[in-house]
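> Okay, so here is input01.tsv, and as you'll see once you scroll down, it has TSV, C-alpha atoms.
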chain	number	residue	atom	x	y	z
F	21	MET	CA	-86.99	37.01	95.61
F	22	VAL	CA	-85.52	39.83	93.51
F	23	ALA	CA	-87.04	40.54	90.12
F	24	ALA	CA	-84.52	41.40	87.39
F	25	VAL	CA	-84.66	43.18	84.04
F	26	SER	CA	-83.36	40.01	82.43
F	27	ALA	CA	-86.72	38.37	83.22
F	28	PHE	CA	-88.13	40.34	80.26
F	29	SER	CA	-85.32	39.63	77.79
F	30	PRO	CA	-85.89	37.39	74.74
F	31	SER	CA	-83.69	34.68	76.24
F	32	GLU	CA	-85.78	34.38	79.43
F	33	CYS	CA	-89.17	35.64	78.25
F	34	PRO	CA	-90.43	33.76	75.17
F	35	ARG	CA	-93.75	35.64	75.20
F	36	LEU	CA	-94.03	39.31	76.19
F	37	VAL	CA	-97.05	41.60	76.45
F	38	VAL	CA	-96.34	45.32	75.95
F	39	LYS	CA	-98.98	47.90	76.85
F	40	ILE	CA	-98.68	51.42	75.41
F	41	GLY	CA	-100.43	54.26	77.23
F	42	SER	CA	-102.44	56.83	75.30
F	43	SER	CA	-100.30	59.75	76.47
F	44	LEU	CA	-97.28	58.15	74.80
F	45	LEU	CA	-98.97	57.30	71.54
F	46	VAL	CA	-101.15	60.37	70.95
F	47	ALA	CA	-99.90	63.95	70.98
F	48	GLU	CA	-101.86	66.80	72.57
F	49	ASP	CA	-103.26	67.79	69.17
F	50	GLY	CA	-104.79	64.32	68.76
F	51	THR	CA	-102.31	62.99	66.19
F	52	VAL	CA	-100.17	59.86	66.43
F	53	ARG	CA	-96.59	60.42	67.60
F	54	GLU	CA	-95.29	58.45	64.64
F	55	ASP	CA	-91.59	59.29	65.09
F	56	TRP	CA	-91.63	57.93	68.65
F	57	LEU	CA	-93.78	54.98	67.67
F	58	ALA	CA	-91.33	54.03	64.93
F	59	THR	CA	-88.57	53.65	67.54
F	60	LEU	CA	-90.79	51.37	69.62
F	61	VAL	CA	-91.57	49.28	66.53
F	62	ALA	CA	-87.83	49.00	65.90
F	63	ASP	CA	-87.43	47.60	69.42
F	64	ILE	CA	-90.26	45.14	68.80
F	65	ALA	CA	-88.73	43.99	65.52
F	66	GLU	CA	-85.36	43.43	67.18
F	67	ARG	CA	-86.96	41.31	69.90
F	68	GLN	CA	-88.96	39.32	67.36
F	69	ARG	CA	-85.77	38.56	65.45
F	70	ALA	CA	-84.25	37.37	68.73
F	71	GLY	CA	-87.08	34.86	69.07
F	72	GLN	CA	-89.43	36.70	71.43
F	73	LYS	CA	-93.15	36.66	70.60
F	74	ILE	CA	-94.84	39.98	71.38
F	75	VAL	CA	-98.46	40.96	72.03
F	76	LEU	CA	-99.33	44.67	71.96
F	77	VAL	CA	-102.09	46.24	74.03
F	78	SER	CA	-102.50	49.70	72.56
F	79	SER	CA	-104.47	52.63	73.91
F	80	GLY	CA	-105.26	55.72	71.86
F	81	ALA	CA	-108.33	54.87	69.77
F	82	ILE	CA	-110.70	57.27	71.55
F	83	ALA	CA	-108.25	60.17	71.42
F	84	LEU	CA	-107.60	59.64	67.70
F	85	GLY	CA	-111.28	59.23	66.88
F	86	ALA	CA	-112.25	62.34	68.82
F	87	ARG	CA	-109.96	64.42	66.60
F	88	ARG	CA	-111.35	62.88	63.42
F	89	LEU	CA	-114.95	63.46	64.51
F	90	GLY	CA	-114.36	66.88	66.02
F	91	LEU	CA	-115.51	65.83	69.49
F	92	LYS	CA	-114.64	68.00	72.46
F	93	GLY	CA	-113.12	66.73	75.68
F	94	GLY	CA	-111.03	64.12	73.91
F	95	GLY	CA	-114.16	62.11	73.14
F	96	ARG	CA	-114.85	61.38	76.81
F	97	LYS	CA	-117.61	63.89	77.62
F	98	SER	CA	-120.19	61.10	77.41
F	99	LEU	CA	-120.37	57.36	76.83
F	100	ASP	CA	-121.94	57.98	73.41
F	101	ASP	CA	-119.02	60.21	72.42
F	102	ALA	CA	-116.48	57.66	73.65
F	103	GLN	CA	-118.13	54.84	71.71
F	104	ALA	CA	-118.30	56.90	68.52
F	105	ALA	CA	-114.70	58.10	68.92
F	106	ALA	CA	-113.50	54.55	69.48
F	107	ALA	CA	-115.24	53.34	66.32
F	108	ALA	CA	-113.53	56.00	64.21
F	109	GLY	CA	-110.20	55.97	66.03
F	110	GLN	CA	-109.67	52.22	65.99
F	111	ILE	CA	-109.32	52.31	62.20
F	112	ALA	CA	-106.64	54.99	62.39
F	113	LEU	CA	-104.84	53.23	65.23
F	114	SER	CA	-104.72	49.82	63.58
F	115	GLN	CA	-103.70	51.32	60.23
F	116	CYS	CA	-100.78	53.15	61.83
F	117	TRP	CA	-99.59	50.01	63.64
F	118	ALA	CA	-100.00	47.86	60.53
F	119	GLU	CA	-97.95	50.24	58.38
F	120	LEU	CA	-95.09	50.65	60.87
F	121	LEU	CA	-94.91	46.94	61.70
F	122	GLY	CA	-95.18	46.10	58.00
F	123	ALA	CA	-92.16	48.30	57.28
F	124	GLU	CA	-90.21	45.97	59.60
F	125	GLY	CA	-91.57	42.89	57.85
F	126	LEU	CA	-94.03	42.11	60.65
F	127	THR	CA	-97.74	41.30	60.39
F	128	ALA	CA	-100.24	43.00	62.68
F	129	ALA	CA	-103.43	41.14	63.70
F	130	GLN	CA	-106.14	43.09	65.49
F	131	ILE	CA	-108.30	41.66	68.29
F	132	LEU	CA	-110.95	43.79	70.03
F	133	VAL	CA	-112.25	42.36	73.30
F	134	THR	CA	-114.79	43.23	75.97
F	135	LEU	CA	-114.71	42.43	79.67
F	136	GLY	CA	-117.13	39.56	79.08
F	137	ASP	CA	-114.79	37.94	76.56
F	138	LEU	CA	-112.24	37.33	79.30
F	139	GLU	CA	-114.59	36.83	82.27
F	140	ASP	CA	-116.57	34.04	80.60
F	141	ARG	CA	-114.53	30.84	80.70
F	142	ARG	CA	-115.49	29.55	77.23
F	143	ARG	CA	-114.90	32.87	75.47
F	144	TYR	CA	-111.64	33.27	77.40
F	145	LEU	CA	-110.43	29.91	76.06
F	146	ASN	CA	-111.42	30.94	72.53
F	147	ALA	CA	-109.41	34.17	72.86
F	148	ALA	CA	-106.45	32.22	74.26
F	149	ALA	CA	-106.53	29.82	71.31
F	150	THR	CA	-106.59	32.69	68.81
F	151	LEU	CA	-103.67	34.43	70.51
F	152	ASP	CA	-101.65	31.23	70.60
F	153	ARG	CA	-102.20	30.56	66.88
F	154	LEU	CA	-101.28	34.12	65.90
F	155	LEU	CA	-98.08	34.01	67.95
F	156	ARG	CA	-97.09	30.67	66.44
F	157	LEU	CA	-97.61	32.27	63.01
F	158	ASP	CA	-95.19	35.07	64.03
F	159	ALA	CA	-97.93	37.71	63.84
F	160	ILE	CA	-98.14	40.62	66.31
F	161	PRO	CA	-101.55	40.59	68.00
F	162	LEU	CA	-102.78	44.16	68.53
F	163	ILE	CA	-105.29	44.24	71.40
F	164	ASN	CA	-107.66	46.93	72.55
F	165	GLU	CA	-110.94	47.04	74.44
F	166	ASN	CA	-113.94	47.17	72.12
F	167	ASP	CA	-115.00	50.57	73.43
F	168	SER	CA	-117.53	51.10	70.64
F	169	VAL	CA	-119.84	48.49	72.23
F	170	ALA	CA	-118.69	48.33	75.87
F	171	THR	CA	-120.76	50.10	78.53
F	172	GLU	CA	-119.67	51.67	81.79
F	173	GLU	CA	-121.00	48.67	83.72
F	174	ILE	CA	-119.22	45.99	81.69
F	175	ARG	CA	-115.81	47.24	80.68
F	176	PHE	CA	-112.22	47.16	81.83
F	177	GLY	CA	-111.98	50.94	81.75
F	178	ASP	CA	-108.20	50.88	81.47
F	179	ASN	CA	-105.71	48.96	79.38
F	180	ASP	CA	-103.41	48.15	82.30
F	181	ARG	CA	-105.72	45.48	83.70
F	182	LEU	CA	-106.59	44.41	80.17
F	183	ALA	CA	-102.88	43.82	79.50
F	184	ALA	CA	-102.64	41.63	82.60
F	185	ARG	CA	-105.63	39.54	81.54
F	186	ILE	CA	-104.29	39.24	78.00
F	187	GLY	CA	-100.99	38.14	79.51
F	188	GLN	CA	-102.81	35.25	81.17
F	189	ALA	CA	-104.70	34.32	78.00
F	190	ALA	CA	-101.55	34.48	75.87
F	191	ARG	CA	-99.54	32.43	78.40
F	192	ALA	CA	-97.07	35.31	78.52
F	193	ASP	CA	-93.82	35.15	80.45
F	194	GLY	CA	-93.66	38.89	81.14
F	195	ILE	CA	-95.68	42.11	80.88
F	196	ILE	CA	-94.31	45.63	80.40
F	197	LEU	CA	-96.56	48.65	80.97
F	198	LEU	CA	-95.11	51.63	79.08
F	199	SER	CA	-96.33	54.86	80.64
F	200	ASN	CA	-95.40	58.49	81.19
F	201	VAL	CA	-94.21	57.60	84.70
F	202	ALA	CA	-90.99	55.72	85.42
F	203	GLY	CA	-92.57	53.35	87.94
F	204	LEU	CA	-93.93	53.35	91.48
F	205	TYR	CA	-92.47	55.99	93.80
F	206	THR	CA	-92.50	56.26	97.58
F	207	ALA	CA	-94.53	59.47	97.08
F	208	ASP	CA	-95.84	61.55	94.19
F	209	PRO	CA	-92.62	62.82	92.51
F	210	LYS	CA	-94.49	65.81	91.07
F	211	ARG	CA	-95.27	67.06	94.57
F	212	ASP	CA	-92.47	65.62	96.72
F	213	ASP	CA	-88.81	66.15	95.81
F	214	THR	CA	-87.76	63.37	98.19
F	215	ALA	CA	-89.83	60.73	96.37
F	216	GLU	CA	-87.75	57.70	95.36
F	217	LEU	CA	-88.39	55.17	92.62
F	218	ILE	CA	-88.94	51.64	93.93
F	219	PRO	CA	-87.00	49.30	91.62
F	220	SER	CA	-88.43	45.96	92.74
F	221	ILE	CA	-91.44	44.70	94.66
F	222	ASP	CA	-91.83	41.12	95.83
F	223	THR	CA	-95.18	41.42	97.61
F	224	ILE	CA	-98.06	43.78	96.84
F	225	ASP	CA	-99.30	44.61	100.33
F	226	ASP	CA	-101.35	47.46	101.80
F	227	THR	CA	-98.27	49.70	101.92
F	228	VAL	CA	-97.69	49.31	98.20
F	229	ALA	CA	-101.37	49.92	97.44
F	230	ALA	CA	-101.33	53.05	99.60
F	231	MET	CA	-98.39	54.50	97.67
F	232	ALA	CA	-100.42	54.19	94.47
F	233	GLU	CA	-103.37	56.10	95.93
F	234	GLY	CA	-103.57	59.63	94.63
F	235	ALA	CA	-100.94	59.12	91.94
F	236	SER	CA	-102.21	59.43	88.38
F	237	ASP	CA	-101.08	59.63	84.80
F	238	MET	CA	-102.74	60.78	81.60
F	239	GLY	CA	-105.34	58.38	80.22
F	240	SER	CA	-108.03	56.24	81.82
F	241	GLY	CA	-105.64	54.26	84.02
F	242	GLY	CA	-103.61	55.65	86.90
F	243	MET	CA	-101.09	54.07	89.24
F	244	THR	CA	-103.84	52.27	91.14
F	245	ALA	CA	-104.90	50.51	87.94
F	246	LYS	CA	-101.28	49.51	87.34
F	247	ILE	CA	-101.01	48.02	90.82
F	248	GLN	CA	-104.22	46.10	90.18
F	249	ALA	CA	-102.72	44.86	86.92
F	250	ALA	CA	-99.60	43.77	88.80
F	251	ARG	CA	-101.75	41.80	91.25
F	252	ILE	CA	-103.47	39.97	88.38
F	253	ALA	CA	-100.22	39.26	86.56
F	254	THR	CA	-98.11	38.14	89.49
F	255	ALA	CA	-100.90	35.92	90.84
F	256	ALA	CA	-100.77	34.17	87.46
F	257	GLY	CA	-97.00	33.68	87.73
F	258	ILE	CA	-96.14	36.52	85.33
F	259	PRO	CA	-93.66	39.26	86.32
F	260	LEU	CA	-94.76	42.79	85.42
F	261	ALA	CA	-92.79	46.01	84.97
F	262	ILE	CA	-93.94	49.63	84.97
F	263	VAL	CA	-91.55	51.51	82.70
F	264	SER	CA	-91.26	55.03	81.33
F	265	GLY	CA	-91.92	55.25	77.61
F	266	GLU	CA	-91.04	58.92	77.35
F	267	GLN	CA	-87.74	58.31	75.58
F	268	ASN	CA	-87.19	56.81	72.14
F	269	ASN	CA	-86.62	53.04	71.91
F	270	PRO	CA	-88.20	52.54	75.34
F	271	LEU	CA	-87.79	48.75	75.43
F	272	SER	CA	-84.09	48.98	74.64
F	273	ALA	CA	-83.70	51.76	77.21
F	274	PHE	CA	-85.34	49.60	79.88
F	275	GLU	CA	-83.07	46.68	79.08
F	276	GLU	CA	-79.97	48.89	79.23
F	277	THR	CA	-80.77	50.99	82.31
F	278	GLY	CA	-83.14	48.76	84.28
F	279	GLN	CA	-85.07	51.86	85.35
F	280	GLY	CA	-88.64	51.06	86.32
F	281	THR	CA	-90.54	49.09	88.92
F	282	ILE	CA	-90.57	45.32	88.55
F	283	PHE	CA	-93.12	43.16	90.35
F	284	ALA	CA	-91.89	39.64	91.01
F	285	ALA	CA	-94.23	36.77	90.16
F	286	ASP	CA	-95.70	34.27	92.58
F	287	ARG	CA	-95.68	30.54	91.90
F	288	ALA	CA	-97.20	29.59	88.56
F	289	PRO	CA	-100.78	28.43	89.23
F	290	SER	CA	-102.88	26.14	87.07
F	291	ALA	CA	-104.59	27.65	84.04
F	292	ARG	CA	-107.98	27.61	85.74
F	293	GLU	CA	-106.61	29.12	88.95
F	294	SER	CA	-104.99	31.85	86.87
F	295	TRP	CA	-108.27	32.63	85.13
F	296	MET	CA	-110.21	32.74	88.41
F	297	ALA	CA	-107.62	34.90	90.17
F	298	GLY	CA	-107.55	37.38	87.31
F	299	ARG	CA	-111.29	37.86	86.98
F	300	LEU	CA	-112.47	41.39	87.68
F	301	THR	CA	-116.00	40.32	88.50
F	302	ALA	CA	-117.62	37.65	90.67
F	303	THR	CA	-121.24	36.49	90.72
F	304	GLY	CA	-121.49	36.66	94.51
F	305	SER	CA	-119.53	36.36	97.71
F	306	VAL	CA	-119.41	34.63	101.07
F	307	ALA	CA	-117.98	36.01	104.30
F	308	ILE	CA	-116.18	33.61	106.65
F	309	ASP	CA	-114.89	33.59	110.22
F	310	ALA	CA	-111.25	33.62	111.31
F	311	GLY	CA	-111.10	29.85	111.76
F	312	ALA	CA	-112.29	29.20	108.24
F	313	ALA	CA	-109.84	31.75	106.85
F	314	GLN	CA	-106.96	29.94	108.54
F	315	ALA	CA	-108.27	26.61	107.24
F	316	LEU	CA	-108.13	27.95	103.68
F	317	ARG	CA	-104.56	29.15	104.19
F	318	ASP	CA	-103.73	25.65	105.43
F	319	GLY	CA	-104.97	24.17	102.16
F	320	ASN	CA	-108.44	23.04	103.19
F	321	SER	CA	-111.82	23.41	101.51
F	322	LEU	CA	-114.40	25.95	102.66
F	323	LEU	CA	-117.04	24.18	104.78
F	324	PRO	CA	-120.47	25.73	105.47
F	325	ALA	CA	-119.72	25.87	109.21
F	326	GLY	CA	-117.24	28.72	108.71
F	327	VAL	CA	-119.54	30.87	106.57
F	328	THR	CA	-121.17	33.86	108.26
F	329	HIS	CA	-122.83	35.75	105.40
F	330	ILE	CA	-123.96	35.19	101.78
F	331	SER	CA	-124.14	38.02	99.22
F	332	GLY	CA	-125.48	38.01	95.69
F	333	ALA	CA	-127.44	35.46	93.67
F	334	PHE	CA	-125.25	32.71	92.26
F	335	ASP	CA	-125.68	29.21	90.85
F	336	ARG	CA	-123.59	26.13	91.43
F	337	GLY	CA	-120.39	26.45	89.38
F	338	ASP	CA	-120.34	30.26	89.44
F	339	VAL	CA	-117.22	32.11	90.54
F	340	ILE	CA	-117.61	33.65	93.99
F	341	ASP	CA	-115.36	35.72	96.23
F	342	ILE	CA	-114.48	34.58	99.75
F	343	LEU	CA	-114.09	37.43	102.25
F	344	ASP	CA	-112.47	37.41	105.68
F	345	GLU	CA	-113.81	39.18	108.76
F	346	LYS	CA	-112.36	42.50	107.57
F	347	GLY	CA	-114.17	42.26	104.24
F	348	THR	CA	-110.97	41.55	102.32
F	349	THR	CA	-111.20	39.08	99.44
F	350	ILE	CA	-108.78	36.31	100.37
F	351	ALA	CA	-109.83	33.62	97.90
F	352	ARG	CA	-111.98	32.95	94.87
F	353	GLY	CA	-113.56	29.71	93.77
F	354	LEU	CA	-116.39	27.80	92.15
F	355	ALA	CA	-119.50	27.45	94.29
F	356	GLU	CA	-120.66	23.91	95.05
F	357	TYR	CA	-124.13	25.21	96.00
F	358	ASP	CA	-126.39	27.95	94.67
F	359	SER	CA	-126.91	31.01	96.86
F	360	ALA	CA	-130.31	29.87	98.14
F	361	ALA	CA	-128.93	26.58	99.42
F	362	ALA	CA	-125.80	28.31	100.74
F	363	GLU	CA	-127.99	30.67	102.76
F	364	ARG	CA	-129.76	27.70	104.36
F	365	ILE	CA	-126.59	25.84	105.36
F	366	LYS	CA	-124.25	28.71	106.34
F	367	GLY	CA	-122.82	28.22	109.81
F	368	ARG	CA	-124.06	24.63	110.01
F	369	LYS	CA	-121.95	21.52	110.59
F	370	THR	CA	-121.52	18.95	107.83
F	371	GLY	CA	-123.56	16.35	109.71
F	372	GLU	CA	-126.60	18.66	109.69
F	373	LEU	CA	-126.69	19.38	105.96
F	374	GLU	CA	-128.68	16.38	104.75
F	375	ALA	CA	-131.52	17.07	107.18
F	376	ILE	CA	-131.61	20.74	106.12
F	377	LEU	CA	-131.45	20.18	102.37
F	378	GLY	CA	-133.27	16.88	102.08
F	379	TYR	CA	-130.57	15.17	100.03
F	380	ALA	CA	-127.04	13.84	100.47
F	381	PRO	CA	-124.96	17.01	100.34
F	382	ARG	CA	-121.49	17.88	99.11
F	383	PRO	CA	-119.42	18.57	102.22
F	384	ALA	CA	-117.73	21.76	100.95
F	385	LEU	CA	-119.24	25.05	99.88
F	386	VAL	CA	-116.08	25.65	97.82
F	387	HIS	CA	-113.72	22.71	97.30
F	388	ARG	CA	-109.99	23.37	97.57
F	389	ASN	CA	-109.46	21.94	94.06
F	390	HIS	CA	-111.71	24.68	92.67
F	391	MET	CA	-110.29	27.57	94.66
F	392	VAL	CA	-107.40	30.00	94.41
F	393	LEU	CA	-106.02	32.07	97.31
F	394	LEU	CA	-105.44	35.75	96.55
Translate the structure described by the file into structure tokens.

Amino acid sequence: MVAAVSAFSPSECPRLVVKIGSSLLVAEDGTVREDWLATLVADIAERQRAGQKIVLVSSGAIALGARRLGLKGGGRKSLDDAQAAAAAGQIALSQCWAELLGAEGLTAAQILVTLGDLEDRRRYLNAAATLDRLLRLDAIPLINENDSVATEEIRFGDNDRLAARIGQAARADGIILLSNVAGLYTADPKRDDTAELIPSIDTIDDTVAAMAEGASDMGSGGMTAKIQAARIATAAGIPLAIVSGEQNNPLSAFEETGQGTIFAADRAPSARESWMAGRLTATGSVAIDAGAAQALRDGNSLLPAGVTHISGAFDRGDVIDILDEKGTTIARGLAEYDSAAAERIKGRKTGELEAILGYAPRPALVHRNHMVLL
């Protein structure tokens, strides 16, 4: 499977999510790089006229707000500073986007989200419905994390993973992460002259993850966050590209040169599988033995007999992670039992469950119809 630049073109990608990193949008003095941004908006307008619907995930609010409020450290010296900077900067950011898009005859529509909005199934569906309606009205949804109310414990923390989750909610056909790096390299190009850009990746394995370790770019997300975003997107059947935005008209440049790293998508899962696979949090987890892990890969449900350990407090219907013997999360699904009952029946055969629980049990701890392999 070879991912191609054409996968992101208007003819093959009806809905595209574009994420803009803060280092591209905000200059060192804390002002918007309006000349560069105007060239990106021109690209967006051209794609809209070609029939492509675009969702923007824009960083930069905290940096802009910090300048307006006179906060040191770019507004990130404390959570209080970041929240205040975001509140002030979001107005400036949305105003700038609205004016530039309006000059091209396009309508901007702002949506601020928190981690909980996309982790909770009902709120996720509400966000998806709003995005769908805006796109069908030819508006340009402008998305950012609601940093003025988010806390360290319940936030995305970077807009790369947010873009991937928004891609799922918007039923996007492609995601482009514009950054100040050209893509994933075999080594850090700032330190190693022999580093080579990897143009296409079919499978995100441990080798790919290791190459992202230690690499970073300006802003809250580094290469590791981008790889995590690629995992979320491709598991949902959405190809993702990491592309340099340093030059003017970055979307046109990507289409012409193909320079960047493109992550090929897996099979398109169901909507619920996509939501589960893309969640960044789980209520609890269960560890399983090698036999159970193979059974899951063969398409079977998770039976209590293969479970070796229960972690966390969860209720029936909660999303839980399923870990193999190495501690790697290999699947995610909806629990058929709460954690207390799961603790009682772990490692036990199906025929023993009724005597243990005192009622006719469900045979699976996680049914295959409510599970997604990762």
> Tell me which protein, DNA and RNA residues are within 8 Å of Ala83 in chain F, counting all atoms listed in the file, leaving out same-chain ones fewer than 2 positions away, and put them as a ChimeraX atom specification.
/F:42,46,50,80-81,85-87,94-95,105-106,109
> Pick out the closest residue to Ala107 in chain F from this set: F:Val392, F:Val201, F:Ile163, F:Leu84. Count only C-alpha atoms.
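For Ala107 in chain F, the nearest of the given residues is F:Leu84.
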> Would you mind listing what lies within 7 Å of range 358-373 of chain F as number ranges by chain, with only C-alpha atoms counted and same-chain residues fewer than 4 positions away left out?
F: 324-328, 330, 333-336, 377, 381, 383
> Provide the CA of Glu266 in chain F to CA of Leu44 in chain F distance in Å, to one decimal place.
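Distance between the two atoms: 6.8 Å.
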> Between F:Glu345, F:Glu275, F:Gly71, F:Ser294, which has the minimum distance to Ala307 in chain F (counting all atoms listed in the file)?
F:Glu345
> May I ask which of the residues F:Leu99, F:Ala192, F:Ala24, F:Val61 is the closest one to Val75 in chain F, counting all atoms listed in the file?
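The answer is F:Ala192, which sits nearest to Val75 in chain F.
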> Do you know which residues lie at most 7 Å from (-99.6, 48.6, 68.5), with coordinates as in the file and only C-alpha atoms counted, and could you write them as a list of chain:residue names?
F:Leu76, F:Val77, F:Ser78, F:Trp117, F:Leu162
> Could you please determine the separation between CA of Phe283 in chain F and CA of Asn320 in chain F in Å, to one decimal place?
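About the pair CA of Phe283 in chain F and CA of Asn320 in chain F: they are 28.4 Å apart.
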> For a quick check of understanding, using all atoms listed in the file, which of F:Ala202, F:Pro34, F:Asn166, F:Met243 has the smallest distance to Thr277 in chain F?
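Closest candidate: F:Ala202.
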> Just give me the gap between CA of Ala313 in chain F and CA of Ala229 in chain F in Å, one decimal is fine.
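A separation of 22.1 Å between them.
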> I'd like to know which of F:Ile82, F:Leu323, F:Ala184, F:Leu121 is closest to Gln103 in chain F, using all atoms listed in the file.
F:Ile82
